[in-house]
$ cat target-v5.pdb   # PDB, C-alpha atoms (C1' of nucleotides)
MODEL        1
ATOM      1  CA  MET K   1     -20.139  -8.091 -35.091
ATOM      2  CA  ASN K   2     -18.197  -7.573 -31.951
ATOM      3  CA  LYS K   3     -15.313  -9.746 -31.085
ATOM      4  CA  ARG K   4     -16.696 -12.133 -28.541
ATOM      5  CA  THR K   5     -13.594 -12.969 -26.563
ATOM      6  CA  TYR K   6     -10.275 -11.516 -25.487
ATOM      7  CA  THR K   7      -6.937 -12.921 -24.421
ATOM      8  CA  ILE K   8      -5.320 -11.724 -21.261
ATOM      9  CA  SER K   9      -2.695  -9.737 -23.087
ATOM     10  CA  GLU K  10      -5.279  -8.053 -25.288
ATOM     11  CA  LEU K  11      -7.046  -6.749 -22.217
ATOM     12  CA  ALA K  12      -3.767  -5.832 -20.568
ATOM     13  CA  GLN K  13      -2.762  -3.784 -23.564
ATOM     14  CA  GLU K  14      -6.147  -2.152 -23.969
ATOM     15  CA  PHE K  15      -6.187  -0.941 -20.388
ATOM     16  CA  GLY K  16      -2.514  -0.277 -19.937
ATOM     17  CA  ILE K  17      -1.990  -2.790 -17.170
ATOM     18  CA  THR K  18       0.010  -6.010 -16.896
ATOM     19  CA  THR K  19      -1.227  -9.546 -17.213
ATOM     20  CA  ARG K  20      -0.009 -10.086 -13.664
ATOM     21  CA  THR K  21      -2.503  -7.487 -12.514
ATOM     22  CA  ILE K  22      -5.375  -9.184 -14.300
ATOM     23  CA  ARG K  23      -4.476 -12.557 -12.836
ATOM     24  CA  PHE K  24      -4.200 -10.955  -9.440
ATOM     25  CA  TYR K  25      -7.749  -9.632  -9.741
ATOM     26  CA  GLU K  26      -8.836 -13.160 -10.509
ATOM     27  CA  ASP K  27      -7.037 -14.464  -7.425
ATOM     28  CA  GLU K  28      -8.922 -11.874  -5.426
ATOM     29  CA  GLY K  29     -12.212 -13.185  -6.736
ATOM     30  CA  LEU K  30     -13.051 -10.252  -9.009
ATOM     31  CA  LEU K  31     -12.853 -12.090 -12.301
ATOM     32  CA  ALA K  32     -13.563 -15.658 -13.338
ATOM     33  CA  PRO K  33     -12.784 -16.060 -17.029
ATOM     34  CA  LEU K  34     -13.545 -19.253 -18.884
ATOM     35  CA  ARG K  35     -10.752 -21.524 -19.983
ATOM     36  CA  ASP K  36      -9.716 -22.952 -23.295
ATOM     37  CA  GLY K  37      -7.545 -25.785 -22.080
ATOM     38  CA  GLN K  38      -5.395 -23.967 -19.594
ATOM     39  CA  ARG K  39      -5.689 -20.567 -21.217
ATOM     40  CA  ARG K  40      -8.005 -17.871 -19.976
ATOM     41  CA  ILE K  41     -10.707 -16.533 -22.265
ATOM     42  CA  TYR K  42     -12.331 -13.267 -21.347
ATOM     43  CA  SER K  43     -15.879 -12.414 -22.362
ATOM     44  CA  PRO K  44     -17.233  -8.911 -23.007
ATOM     45  CA  ARG K  45     -18.707  -9.129 -19.530
ATOM     46  CA  ASP K  46     -15.294  -9.896 -18.030
ATOM     47  CA  ARG K  47     -13.960  -6.907 -19.884
ATOM     48  CA  THR K  48     -16.688  -4.731 -18.415
ATOM     49  CA  LEU K  49     -15.925  -5.970 -14.934
ATOM     50  CA  LEU K  50     -12.295  -5.113 -15.460
ATOM     51  CA  LYS K  51     -13.266  -1.612 -16.528
ATOM     52  CA  LEU K  52     -15.327  -1.244 -13.373
ATOM     53  CA  ILE K  53     -12.426  -2.400 -11.217
ATOM     54  CA  LEU K  54     -10.188   0.208 -12.778
ATOM     55  CA  ARG K  55     -12.777   2.929 -12.393
ATOM     56  CA  GLY K  56     -13.073   1.969  -8.749
ATOM     57  CA  LYS K  57      -9.336   2.197  -8.345
ATOM     58  CA  ARG K  58      -9.276   5.684  -9.814
ATOM     59  CA  LEU K  59     -11.748   6.647  -7.109
ATOM     60  CA  GLY K  60      -9.755   5.021  -4.331
ATOM     61  CA  PHE K  61     -11.818   1.866  -3.957
ATOM     62  CA  SER K  62      -9.952  -1.161  -2.695
ATOM     63  CA  LEU K  63     -10.298  -4.417  -4.566
ATOM     64  CA  ALA K  64     -12.259  -5.800  -1.636
ATOM     65  CA  GLU K  65     -14.768  -2.964  -1.957
ATOM     66  CA  SER K  66     -15.148  -3.512  -5.677
ATOM     67  CA  ARG K  67     -15.751  -7.163  -5.042
ATOM     68  CA  ILE K  68     -18.539  -6.387  -2.621
ATOM     69  CA  LEU K  69     -20.108  -4.133  -5.211
ATOM     70  CA  PHE K  70     -19.944  -6.995  -7.686
ATOM     71  CA  ASP K  71     -21.484  -9.329  -5.129
ATOM     72  CA  MET K  72     -24.254  -6.795  -4.803
ATOM     73  CA  TYR K  73     -25.174  -7.188  -8.419
ATOM     74  CA  ASP K  74     -27.838  -9.700  -7.643
ATOM     75  CA  PRO K  75     -28.754  -9.206  -4.026
ATOM     76  CA  ALA K  76     -31.682 -11.605  -4.132
ATOM     77  CA  ASN K  77     -29.687 -14.400  -2.536
ATOM     78  CA  GLY K  78     -28.560 -12.265   0.383
ATOM     79  CA  SER K  79     -29.900 -12.455   3.900
ATOM     80  CA  ARG K  80     -31.743  -9.503   5.423
ATOM     81  CA  GLN K  81     -28.625  -8.841   7.496
ATOM     82  CA  GLN K  82     -26.538  -8.879   4.342
ATOM     83  CA  LEU K  83     -28.872  -6.584   2.466
ATOM     84  CA  GLU K  84     -28.890  -4.039   5.249
ATOM     85  CA  SER K  85     -25.133  -3.994   5.394
ATOM     86  CA  TYR K  86     -25.139  -3.495   1.620
ATOM     87  CA  LEU K  87     -27.443  -0.523   1.957
ATOM     88  CA  GLN K  88     -25.255   0.953   4.645
ATOM     89  CA  MET K  89     -22.153   0.577   2.530
ATOM     90  CA  LEU K  90     -23.911   2.142  -0.442
ATOM     91  CA  ASP K  91     -24.853   5.079   1.726
ATOM     92  CA  GLU K  92     -21.318   5.532   2.997
ATOM     93  CA  LYS K  93     -19.867   5.294  -0.484
ATOM     94  CA  ASN K  94     -22.315   7.865  -1.684
ATOM     95  CA  ASN K  95     -21.256  10.230   1.067
ATOM     96  CA  SER K  96     -17.621   9.788   0.260
ATOM     97  CA  LEU K  97     -18.308  10.430  -3.418
ATOM     98  CA  GLU K  98     -20.025  13.668  -2.503
ATOM     99  CA  GLN K  99     -17.044  14.567  -0.371
ATOM    100  CA  GLN K 100     -14.771  13.785  -3.294
ATOM    101  CA  LEU K 101     -16.775  16.105  -5.495
ATOM    102  CA  ARG K 102     -16.211  18.928  -3.026
ATOM    103  CA  ASP K 103     -12.554  18.002  -2.726
ATOM    104  CA  ILE K 104     -12.107  18.035  -6.472
ATOM    105  CA  LYS K 105     -13.600  21.500  -6.778
ATOM    106  CA  SER K 106     -11.280  23.027  -4.208
ATOM    107  CA  MET K 107      -8.322  21.049  -5.464
ATOM    108  CA  GLN K 108      -8.924  22.295  -8.994
ATOM    109  CA  GLN K 109      -8.902  25.831  -7.703
ATOM    110  CA  ASP K 110      -5.654  25.250  -5.836
ATOM    111  CA  LEU K 111      -4.028  23.664  -8.866
ATOM    112  CA  GLU K 112      -5.074  26.598 -11.011
ATOM    113  CA  ASP K 113      -3.559  28.994  -8.479
ATOM    114  CA  ALA K 114      -0.364  26.993  -8.496
ATOM    115  CA  ARG K 115      -0.307  27.098 -12.280
ATOM    116  CA  VAL K 116      -0.538  30.856 -12.264
ATOM    117  CA  ARG K 117       2.319  31.093  -9.807
ATOM    118  CA  CYS K 118       4.435  28.761 -11.918
ATOM    119  CA  LEU K 119       3.764  30.662 -15.129
ATOM    120  CA  ASP K 120       4.615  33.866 -13.351
ATOM    121  CA  ALA K 121       7.854  32.419 -12.040
ATOM    122  CA  LEU K 122       8.711  31.172 -15.533
ATOM    123  CA  LYS K 123       8.085  34.622 -16.990
ATOM    124  CA  ASN K 124      10.537  36.070 -14.500
ATOM    125  CA  THR K 125      13.144  33.425 -15.158
ATOM    126  CA  PHE K 126      16.043  34.755 -17.184
ATOM    127  CA  SER K 127      16.948  31.999 -19.608
ATOM    128  CA  PRO K 128      20.082  30.434 -18.218
ATOM    129  CA  ASN K 129      20.666  28.713 -21.557
ATOM    130  CA  PRO K 130      23.425  29.697 -24.008
ATOM    131  CA  CYS K 131      21.074  31.280 -26.547
ATOM    132  CA  GLY K 132      21.905  34.794 -25.554
ATOM    133  CA  ASP K 133      19.575  37.464 -24.376
ATOM    134  CA  SER K 134      19.122  39.136 -27.712
ATOM    135  CA  ALA K 135      16.657  41.840 -26.715
TER     136      ALA K 135
ATOM    137  CA  MET Z 136      -9.323  35.340  19.074
ATOM    138  CA  ASN Z 137      -8.257  32.096  17.546
ATOM    139  CA  LYS Z 138      -6.169  29.650  19.392
ATOM    140  CA  ARG Z 139      -2.737  30.112  17.939
ATOM    141  CA  THR Z 140      -1.231  26.699  18.479
ATOM    142  CA  TYR Z 141      -2.174  23.034  18.677
ATOM    143  CA  THR Z 142      -0.675  19.979  20.265
ATOM    144  CA  ILE Z 143      -0.238  16.851  18.232
ATOM    145  CA  SER Z 144      -3.068  15.046  19.962
ATOM    146  CA  GLU Z 145      -5.438  17.975  19.454
ATOM    147  CA  LEU Z 146      -4.876  17.781  15.722
ATOM    148  CA  ALA Z 147      -5.093  14.011  15.757
ATOM    149  CA  GLN Z 148      -8.432  14.159  17.482
ATOM    150  CA  GLU Z 149      -9.786  16.931  15.292
ATOM    151  CA  PHE Z 150      -9.029  15.037  12.096
ATOM    152  CA  GLY Z 151      -9.654  11.536  13.316
ATOM    153  CA  ILE Z 152      -6.136  10.279  12.757
ATOM    154  CA  THR Z 153      -3.382   9.066  15.081
ATOM    155  CA  THR Z 154      -0.391  10.995  16.345
ATOM    156  CA  ARG Z 155       1.763   8.402  14.638
ATOM    157  CA  THR Z 156       0.293   9.470  11.333
ATOM    158  CA  ILE Z 157       1.074  13.115  11.963
ATOM    159  CA  ARG Z 158       4.642  12.336  12.947
ATOM    160  CA  PHE Z 159       4.944  10.184   9.867
ATOM    161  CA  TYR Z 160       3.934  13.109   7.673
ATOM    162  CA  GLU Z 161       6.669  15.121   9.329
ATOM    163  CA  ASP Z 162       9.211  12.378   8.625
ATOM    164  CA  GLU Z 163       8.130  12.544   5.014
ATOM    165  CA  GLY Z 164       8.838  16.254   4.896
ATOM    166  CA  LEU Z 165       5.245  17.449   4.739
ATOM    167  CA  LEU Z 166       5.148  19.190   8.091
ATOM    168  CA  ALA Z 167       7.749  21.019  10.162
ATOM    169  CA  PRO Z 168       6.175  22.146  13.421
ATOM    170  CA  LEU Z 169       8.046  24.329  15.884
ATOM    171  CA  ARG Z 170       9.252  22.904  19.149
ATOM    172  CA  ASP Z 171       8.752  23.834  22.765
ATOM    173  CA  GLY Z 172      11.639  21.963  24.276
ATOM    174  CA  GLN Z 173      11.156  18.592  22.727
ATOM    175  CA  ARG Z 174       7.437  18.935  22.162
ATOM    176  CA  ARG Z 175       5.899  19.800  18.839
ATOM    177  CA  ILE Z 176       3.790  22.914  18.495
ATOM    178  CA  TYR Z 177       1.558  23.235  15.482
ATOM    179  CA  SER Z 178       0.579  26.597  14.021
ATOM    180  CA  PRO Z 179      -2.659  27.337  12.149
ATOM    181  CA  ARG Z 180      -0.615  27.020   8.994
ATOM    182  CA  ASP Z 181       0.553  23.549   9.991
ATOM    183  CA  ARG Z 182      -3.052  22.658  10.604
ATOM    184  CA  THR Z 183      -3.987  23.889   7.131
ATOM    185  CA  LEU Z 184      -1.218  21.836   5.572
ATOM    186  CA  LEU Z 185      -2.502  18.787   7.393
ATOM    187  CA  LYS Z 186      -5.964  19.442   6.022
ATOM    188  CA  LEU Z 187      -4.544  19.646   2.526
ATOM    189  CA  ILE Z 188      -2.685  16.378   2.976
ATOM    190  CA  LEU Z 189      -5.905  14.669   4.014
ATOM    191  CA  ARG Z 190      -7.843  16.176   1.148
ATOM    192  CA  GLY Z 191      -5.143  14.907  -1.181
ATOM    193  CA  LYS Z 192      -5.437  11.441   0.310
ATOM    194  CA  ARG Z 193      -9.175  11.409  -0.245
ATOM    195  CA  LEU Z 194      -8.441  12.060  -3.916
ATOM    196  CA  GLY Z 195      -5.791   9.367  -4.140
ATOM    197  CA  PHE Z 196      -2.727  11.595  -3.979
ATOM    198  CA  SER Z 197       0.360  10.011  -2.535
ATOM    199  CA  LEU Z 198       2.245  11.836   0.179
ATOM    200  CA  ALA Z 199       5.059  12.416  -2.283
ATOM    201  CA  GLU Z 200       2.657  14.153  -4.632
ATOM    202  CA  SER Z 201       1.275  16.335  -1.892
ATOM    203  CA  ARG Z 202       4.793  17.284  -0.923
ATOM    204  CA  ILE Z 203       5.552  18.397  -4.450
ATOM    205  CA  LEU Z 204       2.425  20.495  -4.441
ATOM    206  CA  PHE Z 205       3.633  22.091  -1.222
ATOM    207  CA  ASP Z 206       7.048  22.689  -2.754
ATOM    208  CA  MET Z 207       5.254  24.406  -5.585
ATOM    209  CA  TYR Z 208       3.838  26.979  -3.258
ATOM    210  CA  ASP Z 209       6.599  29.415  -3.988
ATOM    211  CA  PRO Z 210       8.039  28.388  -7.301
ATOM    212  CA  ALA Z 211      10.303  31.417  -7.593
ATOM    213  CA  ASN Z 212      13.358  29.492  -6.426
ATOM    214  CA  GLY Z 213      12.889  26.727  -8.966
ATOM    215  CA  SER Z 214      14.944  26.263 -12.102
ATOM    216  CA  ARG Z 215      13.317  26.533 -15.521
ATOM    217  CA  GLN Z 216      13.553  22.756 -15.747
ATOM    218  CA  GLN Z 217      11.828  22.454 -12.401
ATOM    219  CA  LEU Z 218       9.083  24.886 -13.307
ATOM    220  CA  GLU Z 219       8.297  23.080 -16.511
ATOM    221  CA  SER Z 220       8.026  19.776 -14.720
ATOM    222  CA  TYR Z 221       5.707  21.467 -12.246
ATOM    223  CA  LEU Z 222       3.494  22.696 -15.042
ATOM    224  CA  GLN Z 223       3.418  19.278 -16.588
ATOM    225  CA  MET Z 224       2.436  17.674 -13.305
ATOM    226  CA  LEU Z 225      -0.284  20.275 -12.777
ATOM    227  CA  ASP Z 226      -1.632  19.465 -16.204
ATOM    228  CA  GLU Z 227      -1.646  15.743 -15.543
ATOM    229  CA  LYS Z 228      -3.305  16.185 -12.177
ATOM    230  CA  ASN Z 229      -5.949  18.341 -13.770
ATOM    231  CA  ASN Z 230      -6.662  15.674 -16.337
ATOM    232  CA  SER Z 231      -6.974  13.008 -13.707
ATOM    233  CA  LEU Z 232      -9.335  15.201 -11.692
ATOM    234  CA  GLU Z 233     -11.526  15.607 -14.752
ATOM    235  CA  GLN Z 234     -11.443  11.855 -15.202
ATOM    236  CA  GLN Z 235     -12.420  11.444 -11.575
ATOM    237  CA  LEU Z 236     -15.381  13.730 -12.097
ATOM    238  CA  ARG Z 237     -16.609  11.529 -14.929
ATOM    239  CA  ASP Z 238     -15.939   8.433 -12.851
ATOM    240  CA  ILE Z 239     -17.900   9.804  -9.932
ATOM    241  CA  LYS Z 240     -20.913  10.539 -12.098
ATOM    242  CA  SER Z 241     -21.095   7.044 -13.503
ATOM    243  CA  MET Z 242     -20.272   5.472 -10.163
ATOM    244  CA  GLN Z 243     -23.081   7.407  -8.509
ATOM    245  CA  GLN Z 244     -25.460   6.067 -11.093
ATOM    246  CA  ASP Z 245     -24.270   2.516 -10.533
ATOM    247  CA  LEU Z 246     -24.567   2.849  -6.770
ATOM    248  CA  GLU Z 247     -28.085   4.172  -7.123
ATOM    249  CA  ASP Z 248     -28.985   1.211  -9.328
ATOM    250  CA  ALA Z 249     -27.531  -1.142  -6.761
ATOM    251  CA  ARG Z 250     -29.522   0.580  -4.031
ATOM    252  CA  VAL Z 251     -32.727   0.034  -5.937
ATOM    253  CA  ARG Z 252     -31.917  -3.636  -6.396
ATOM    254  CA  CYS Z 253     -31.148  -3.992  -2.694
ATOM    255  CA  LEU Z 254     -34.346  -2.299  -1.609
ATOM    256  CA  ASP Z 255     -36.262  -4.492  -3.977
ATOM    257  CA  ALA Z 256     -34.609  -7.605  -2.610
ATOM    258  CA  LEU Z 257     -35.373  -6.466   0.924
ATOM    259  CA  LYS Z 258     -39.002  -5.916   0.043
ATOM    260  CA  ASN Z 259     -39.201  -9.473  -1.252
ATOM    261  CA  THR Z 260     -37.479 -10.907   1.790
ATOM    262  CA  PHE Z 261     -39.890 -12.770   4.018
ATOM    263  CA  SER Z 262     -38.832 -11.950   7.547
ATOM    264  CA  PRO Z 263     -36.993 -15.027   8.745
ATOM    265  CA  ASN Z 264     -37.260 -13.759  12.290
ATOM    266  CA  PRO Z 265     -39.567 -15.240  14.931
ATOM    267  CA  CYS Z 266     -42.023 -12.352  14.829
ATOM    268  CA  GLY Z 267     -44.576 -14.282  12.848
ATOM    269  CA  ASP Z 268     -46.055 -13.432   9.527
ATOM    270  CA  SER Z 269     -49.203 -11.871  10.860
ATOM    271  CA  ALA Z 270     -50.835 -10.874   7.566
TER     272      ALA Z 270
ATOM    273  C1'  DA E 271       8.590  10.252  46.337
ATOM    274  C1'  DA E 272       5.356   7.738  43.866
ATOM    275  C1'  DG E 273       2.288   7.823  40.327
ATOM    276  C1'  DG E 274      -0.252   9.577  36.336
ATOM    277  C1'  DT E 275      -0.504  12.100  31.898
ATOM    278  C1'  DG E 276       1.130  13.270  27.666
ATOM    279  C1'  DC E 277       4.756  13.798  25.082
ATOM    280  C1'  DT E 278       9.219  11.881  22.815
ATOM    281  C1'  DT E 279      12.409   8.610  19.903
ATOM    282  C1'  DT E 280      13.588   4.121  17.984
ATOM    283  C1'  DA E 281      12.496   0.248  15.698
ATOM    284  C1'  DC E 282      10.314  -3.771  14.068
ATOM    285  C1'  DG E 283       5.628  -5.420  12.057
ATOM    286  C1'  DT E 284       1.711  -5.271   8.745
ATOM    287  C1'  DT E 285      -1.314  -4.899   4.597
ATOM    288  C1'  DA E 286      -2.703  -4.045  -0.181
ATOM    289  C1'  DA E 287      -1.488  -4.339  -4.712
ATOM    290  C1'  DC E 288       1.076  -5.682  -7.370
ATOM    291  C1'  DG E 289       6.507  -6.653  -9.524
ATOM    292  C1'  DT E 290       9.693  -9.986 -10.881
ATOM    293  C1'  DA E 291      11.802 -14.146 -11.737
ATOM    294  C1'  DA E 292      11.878 -19.175 -12.477
ATOM    295  C1'  DA E 293      10.319 -23.176 -14.774
ATOM    296  C1'  DG E 294       7.458 -25.125 -17.871
ATOM    297  C1'  DG E 295       3.266 -26.191 -21.445
ATOM    298  C1'  DT E 296       1.593 -25.601 -26.440
ATOM    299  C1'  DA E 297       0.934 -24.009 -31.034
ATOM    300  C1'  DA E 298       2.620 -21.980 -35.152
ATOM    301  C1'  DT E 299       6.523 -20.947 -37.950
ATOM    302  C1'  DG E 300      10.807 -21.145 -40.455
TER     303       DG E 300
ATOM    304  C1'  DC J 301      12.537 -30.304 -35.219
ATOM    305  C1'  DA J 302      14.159 -26.239 -33.091
ATOM    306  C1'  DT J 303      12.891 -21.658 -32.209
ATOM    307  C1'  DT J 304       9.656 -18.151 -31.201
ATOM    308  C1'  DA J 305       5.553 -16.335 -29.120
ATOM    309  C1'  DC J 306       2.282 -16.503 -25.809
ATOM    310  C1'  DC J 307       0.396 -18.593 -22.241
ATOM    311  C1'  DT J 308       0.599 -21.035 -17.453
ATOM    312  C1'  DT J 309       1.699 -21.733 -12.171
ATOM    313  C1'  DT J 310       4.473 -20.928  -8.099
ATOM    314  C1'  DA J 311       6.703 -18.154  -5.138
ATOM    315  C1'  DC J 312       9.492 -14.723  -3.175
ATOM    316  C1'  DG J 313      10.266  -9.424  -3.303
ATOM    317  C1'  DT J 314       8.774  -4.511  -2.972
ATOM    318  C1'  DT J 315       6.585  -0.039  -1.686
ATOM    319  C1'  DA J 316       3.543   3.191   0.693
ATOM    320  C1'  DA J 317       1.431   4.337   4.737
ATOM    321  C1'  DC J 318       1.044   3.621   8.562
ATOM    322  C1'  DG J 319       0.388   0.169  13.352
ATOM    323  C1'  DT J 320       2.353  -1.278  17.473
ATOM    324  C1'  DA J 321       5.294  -1.857  21.091
ATOM    325  C1'  DA J 322       9.175  -0.450  24.142
ATOM    326  C1'  DA J 323      11.651   2.695  26.826
ATOM    327  C1'  DG J 324      12.234   7.056  28.525
ATOM    328  C1'  DC J 325      11.710  12.437  29.627
ATOM    329  C1'  DA J 326       8.998  16.245  31.897
ATOM    330  C1'  DC J 327       5.640  18.123  34.616
ATOM    331  C1'  DC J 328       1.830  17.920  37.809
ATOM    332  C1'  DT J 329      -0.672  15.883  41.596
ATOM    333  C1'  DT J 330      -1.406  13.481  45.603
TER     334       DT J 330
ENDMDL
END
$ encode --input "target-v5.pdb" --output "structure tokens"
Amino acid sequence: MNKRTYTISELAQEFGITTRTIRFYEDEGLLAPLRDGQRRIYSPRDRTLLKLILRGKRLGFSLAESRILFDMYDPANGSRQQLESYLQMLDEKNNSLEQQLRDIKSMQQDLEDARVRCLDALKNTFSPNPCGDSA
Amino acid sequence: MNKRTYTISELAQEFGITTRTIRFYEDEGLLAPLRDGQRRIYSPRDRTLLKLILRGKRLGFSLAESRILFDMYDPANGSRQQLESYLQMLDEKNNSLEQQLRDIKSMQQDLEDARVRCLDALKNTFSPNPCGDSA
DNA sequence: AAGGTGCTTTACGTTAACGTAAAGGTAATG
DNA sequence: CATTACCTTTACGTTAACGTAAAGCACCTT
């Protein structure tokens, strides 16, 4: 059976972030863990949300954007106006993801080129260390 | 024949950024345009660098990181120490790009799911406008 | 010469996403 | 029962990447 709950520091450690960060996400309305007395208890769902926040961050999403995506999870209670703005945002995000895919491809090529140049420069670097050039 | 030079506002307009931003990149050591008197003149190469900066930003690179990548363009004048740190950074950046690729795939799936939910919600939304429910 | 256009420098302001410290509650442990 | 470990709130501080004036030069036009 899976562990059903997590403490804040467990999550912080698992994801390599600080507890301050997790509390900040809560302040921003992205998480709403239960409480045991005054202590926060995180459910597997909270943990998933946290993972999604971090994935968003790796893709350059702001916390506000991630929150909107979370709000979109059940759109049934949104007005027509709201829903259309959701659809527009989804479309824009999709476009920017496609752009990122193109950017990654060309960036990977550039990084590879840079790597070759570095390796070449290293090959031509006479060791300036005291080991002696025994060849 | 290509236009050989650009003014700051030409570049700003082309890339949809402000002149302040371009000057800021210069302050940060990413650009070094020539001068005509006190005015900046940008070469095709400057324009390319600007494009690379913006591509980097779309992928979450900081300006400092982009500058290092620029510094890496001719690594011949770097120490062994320097070169090895370059290689390490290139490796890390590569890893994070691969991670971003995975993130984009799953994010695209999630966005598509959200789109379906939104469309569904829209379909079930009785027009609250005054057009009358003529069916 | 008066005004407009587009550039310049200088400098203070702003926002997101936390960092960091202070002061204190509570539960287990020696 | 005092210490340790882990949690809490409150609040001010920090950094990157610009935004936003303010004040002025240089050239062109009317």
$ resolve_selection --input "target-v5.pdb" --expression "the PyMOL selection byres ((chain E) within 10 of (chain Z))" --output "tab-separated table (two decimals) with C-alpha atoms (C1' of nucleotides), in the coordinates of the input"
chain	number	residue	atom	x	y	z
E	276	DG	C1'	1.13	13.27	27.67
E	277	DC	C1'	4.76	13.80	25.08
E	278	DT	C1'	9.22	11.88	22.82
$ residues_around --input "target-v5.pdb" --residues "range 203-209 of chain Z" --least-positions-apart "6" --cutoff "12 Å" --atoms "only C-alpha atoms (C1' of nucleotides)" --output "number ranges by chain"
K: 107, 110-122; Z: 163-166, 181, 183-185, 187-188, 191, 196-197, 217-222, 224-225, 228
$ resolve_selection --input "target-v5.pdb" --expression "the PyMOL selection byres ((chain J) within 12 of (chain K))" --output "number ranges by chain"
J: 306-309
$ resolve_selection --input "target-v5.pdb" --expression "the PyMOL selection byres ((chain Z and resi 141) around 6)" --output "VMD selection string"
chain Z and resid 140 142 176 to 177
$ residues_around --input "target-v5.pdb" --residues "DT279 in chain E" --least-positions-apart "2" --cutoff "10 Å" --atoms "only C-alpha atoms (C1' of nucleotides)" --output "PyMOL selection string"
(chain E and resi 281) or (chain J and resi 323-324)
$ closest_residue --input "target-v5.pdb" --among "Z:Asn230, Z:Pro210, Z:Arg180, Z:Gln216" --to "chain K" --atoms "only C-alpha atoms"
Z:Pro210
$ closest_residue --input "target-v5.pdb" --among "K:Lys123, K:Arg80, K:Lys51, K:Arg102" --to "chain Z" --atoms "only C-alpha atoms"
K:Arg80
$ atom_distance --input "target-v5.pdb" --atom1 "CA of Leu236 in chain Z" --atom2 "C1' of DT315 in chain J"
27.9 Å
$ atom_distance --input "target-v5.pdb" --atom1 "CA of Leu63 in chain K" --atom2 "C1' of DA287 in chain E"
8.8 Å
$ atom_distance --input "target-v5.pdb" --atom1 "CA of Leu97 in chain K" --atom2 "CA of Gln243 in chain Z"
7.6 Å
$ residues_around --input "target-v5.pdb" --residues "Leu59 in chain K" --least-positions-apart "2" --cutoff "8 Å" --atoms "all atoms listed in the file" --output "list in words"
Arg55, Gly56, Lys57 and Phe61 of chain K; Leu194, Gly195, Gln235, Asp238 and Ile239 of chain Z
$ closest_residue --input "target-v5.pdb" --among "Z:Arg170, Z:Ser231, Z:Ala211, Z:Glu161" --to "chain K" --atoms "only C-alpha atoms"
Z:Ala211
$ closest_residue --input "target-v5.pdb" --among "Z:Asp162, Z:Leu189, Z:Ala167, Z:Gln234" --to "Ala147 in chain Z" --atoms "only C-alpha atoms"
Z:Leu189
$ residues_around --input "target-v5.pdb" --residues "DT304 in chain J" --least-positions-apart "6" --cutoff "10 Å" --atoms "all atoms listed in the file" --output "JSON, numbers by chain"
{"E": [298, 299, 300]}
$ write_last_selection --input "target-v5.pdb" --atoms "C-alpha atoms (C1' of nucleotides)" --output "compact mmCIF listing (two decimals), in the frame of the given file"
# COMPACT_ATOMS: atom_id res chain seq x y z
C1' DA E 298 2.62 -21.98 -35.15
C1' DT E 299 6.52 -20.95 -37.95
C1' DG E 300 10.81 -21.14 -40.46
